[in-house]
Each structure stands twice: as C-alpha cells, then as structure tokens.
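Q: Just dropping this structure here.
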Amino acid sequence: MLNNFFVARQPIFDSFGKLWAFELLFRTGLCENIAVIDDPDAATVLVASGGFLRATSGMPENVKIFINFTEELIFKRFPLALPPQNTVIEILENIPVTPELVERLKELKAEGYMIALDDFVGDPGYKDIFPYIDIIKLECLGRSIDDVIAIKNRFSGTRCKFLAEKVDSEAAFLAFREQGISFFQGYYFAKPQVLTGKGITSSAAVRLRLAAEIEKDTPDTEVILSVVQSDVSLSYRLLQYINSAVFSFREKITSIRQALTLLGAMKTKYWLRLMLYSDMLSASSNPEVLRMALQRAHFLDALGVASRFAAPKNESLFLVGMLSLLEAILGVPMATILKELPLSSEIKASLRGERGIYSDYIALAVAMEHLDFDRANRLAKALHIPENAVSESFELAIEISDTMMRQISTV
C-alpha cells in the first residue's frame, strides 16, 4: 500500500508567458524516479484526496494539471478518480500503441479528459492515437532548436497542439513560439533571463532594505517605523489593515508607531512581507515567479528548522531563499541587487553562486524545483536532513506560497 508519496509540480506557460498548467509528479521518495504503487485503489484515494488536492489548493480553476500515468494505471482506469475539467492525462512514451490502449483513450475522451503524449521525439508509431491526443509534448533536451522544429513540422497536419518541454533558453522559446508551438515548460521559465544594465529604482531599493531588516533576528523597530512613515502607500495600507474589523481594537489607530506597536513584531513582519513582495512584482513580471520565490523562501526556512541550522545572527534562510530569485522578479542582475543590501559576505557569496554556508540549501531548493530527486536526496544527506523532512517542508512551502499569492491578488 502507498503510505508516503511526494508531490512536486512544474509550471507550463502559454505563448504569452501566462501560467496555463502545472505538471504534477508523484514520487514515493526523493530518490525515486517513479511512483511505486502496489495498491491502485488505495493510491487513488491518496492522490485524489491528498496529493492532487494539496498541489491544486489555491490555484485558479482554469489552470490545468498534467499527470503521468503508467500503462497499468490507465488500463485500471486510475485517471477516472480525478476531475476531467482540469486534468490532462499524460501518456508515457514507453507505452506501446495497442487496440486496448486506443479503447481506453476513447473512454477517457468521452469522459471529458484532455490527453497529452509525453516526450515525443518523432516516432511515427504513435500516429494511430493522434485522433485522441490533444497535446504533443516535444522533447527538447539534447536536441537542437532546428531538430525540435523539424519534428513539429513533420506532424503539423494533426489537430494536436504542441508543447515544448525542457526549454532552457530565451532563444529556444522565441524560435518555438515563432513556429506556432502553443505551450512551454522548462528551466528558462523557472528562472527567466535577467536583463543586463537595468538599475533598481529608489522605491525598490527602499523595499529591499526593509525586506532585509524585517528578517533579522532582532529588527530595528525605528528603522521599520522610519521606512513605513516615509512611504505613503505602505502607511495607508497599514492603517487600513489594522483599523479593519479583523482586529476590533477599542480605539482607532492614529499613528504609524501606534499601529506597529499594537500589531506586534511577528504580525508586522508577516504583513510587511506580503506588501513588499507584492509591490516588487512589476506589471511586466510573471506572478508565477513571485510564487516560486515565496515557495523557495518558505522551503529554506522550514529546512532551517528541520536541520537546526545555526545561521549567523541577524540573518535568515527565508531571506536567502527569497533573494535567490529576486533578480527574476525585478529583472535586475544579482550583482546590482547585492549592492543595495547590507548582507553578510557568506550570504552574498551563496547568492552569487559561490560556495557558502547557504549554498547547499539553495542547491537543494533548485533540485526540488527541477524535480531532480537524486540530487535532492544527496544534498539532504550532506545537510543531515531526513528525507521526510525535506518532502514535508516542500509541501508546506507550496501550501504557504499559494495562500500568500491568493492574499496578494486581493491587496
């Protein structure tokens, strides 16, 4: 029976760069490359009531979920446990095309499911199931842009849409989009290209300093007060927030100092986190990048607790996680960001990709986001973090980041 599975997800974007779907992968552990399912009925219950719901909690209803299914699970009608309106069934590339498979695909289509053919590399043997396939996922890893486009063009007469997976550069994305490929997935989107030569505005610099201050073990309340008082938008939203019915204070708040005092250190920290990261997400930024940054920050923070990480005084794993993706949020080189922040040399070294006390934690987060569970397991062992603590921390980080993004959308 499947008692302890792991869930990871990777975003899929449309040609406009808008989040369209997630690929959801189930694992029995960090070092497993497949999900070992001994009891399909029990697994169905766990996936439908636990993993699937956990991974989709807080997401917009129109976001699709891609899930790989083995031949055995398809024949046992395992996909029928999941809602057809947002589930995309992925047919693995090693499943042979047989009359039995065709019948199952017909059944799934009749139930309203979308079906994707995974890791397609041009094998004409799959053409018999193309009438039941909605999306063909083109394998880009280890192939040139021209090779991938050639495969796409050979099968462009089909009604299927194409998805380029494992896209790792802007050049590939632009070339594929030009050729009419509809959807995209890969490391390029996990960490968008940084535009060189762009500076940080004064308001962004102030917010960065405030973000660093609130993550200290003992934040300087006078510094926080000074920054909030100097920012009309923050002041207004703070007073609006604390005067709301949520707190039901007997008297109305009349000053920023009074508001921060009544709110308390921890609530002030959480509220400012939300406002700052929301403000730093520009109109041209992809909200999914901010969600990933929040997820990484909370993942590292949870890992620090799990491993009893002895970070230097006034520094935070949460801040390290957030800053490690901040160049993607702001569209500013990391070197420029680091000039604006009074961080320790150890943190700066880790954020520059050099060796440092935080480097392995960042590497572990990246491995989990890239679904490289073998590397994640090795890093977890090196950091003396139990495997279950890593998976639980990652699931918690997903849940928290989704919740924060829902809050940000209503700010």
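Here, A, B, ... name the chains of the structure tokens in the order displayed, residue numbers run from 1 inside each chain, and ligands are numbered from 1 in the same displayed order.
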Give me the residues near segment 148-165 of chain A as an MDAnalysis selection string, where near means some atom within 8 Å (using only C-alpha atoms) and where sequence neighbours in that chain fewer than 2 positions away do not count.
A: chainID A and resid 119 121:122 130:131 133:141 143:146 167 176 179 181:186
Q: List as a list of chain:residue names the protein and nucleic acid residues near Arg77 of chain A, meaning an atom at most 9 Å away when only C-alpha atoms are counted, but skip any in the same chain fewer than 4 places from it.
A: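 Once the adjacent positions are removed, what remains is A:Glu72, A:Leu73, A:Ala81, A:Arg104, A:Leu108.
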Q: Which distance in Å separates atom CA of Leu238 of chain A and atom CA of Val332 of chain A, to one decimal?
A: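 Here the two named atoms are 27.9 Å from each other.
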Q: Using only C-alpha atoms for the distances, tell me which of A:Leu319, A:Leu300, A:Leu290, A:Ile329 is nearest to Lys216 of chain A.
A: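 Smallest distance to Lys216 of chain A is found for A:Leu319.
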Q: Let me make sure I understand: among A:Leu272, A:Val63, A:Val320, A:Leu330, which one has the smallest atom-to-atom distance to Leu210 of chain A if we use only C-alpha atoms?
A: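 Closest residue, counting only C-alpha atoms: A:Leu272.
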Q: Kindly give the distance, in Å, that separates atom CA of Met334 of chain A and atom CA of Arg352 of chain A, rounded to a single decimal.
A: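 Here the two named atoms are 7.1 Å from each other.
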Q: Give the answer as one residue: which of A:Thr261, A:Lys267, A:Gln85, A:Arg207 has the shortest atom-to-atom distance to Glu222 of chain A, using only C-alpha atoms?
A: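 Among the listed residues, A:Thr261 lies closest to Glu222 of chain A.
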Q: Enter the distance from atom CA of Pro99 of chain A to atom CA of Ala116 of chain A, in Å, rounded to one decimal.
A: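 These atoms are spaced 18.0 Å apart.
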Q: List as an MDAnalysis selection string the protein and nucleic acid residues near Leu379 of chain A, meaning an atom at most 12 Å away when only C-alpha atoms are counted, but skip any in the same chain fewer than 5 places from it.
A: chainID A and resid 30:31 303 359:368 372:374 384:387 390
Q: Which of these, A:Val289, A:Leu274, A:Leu323, A:Leu383, has the shortest distance to Leu343 of chain A once you count only C-alpha atoms?
A: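 For Leu343 of chain A, the nearest of the given residues is A:Leu323.
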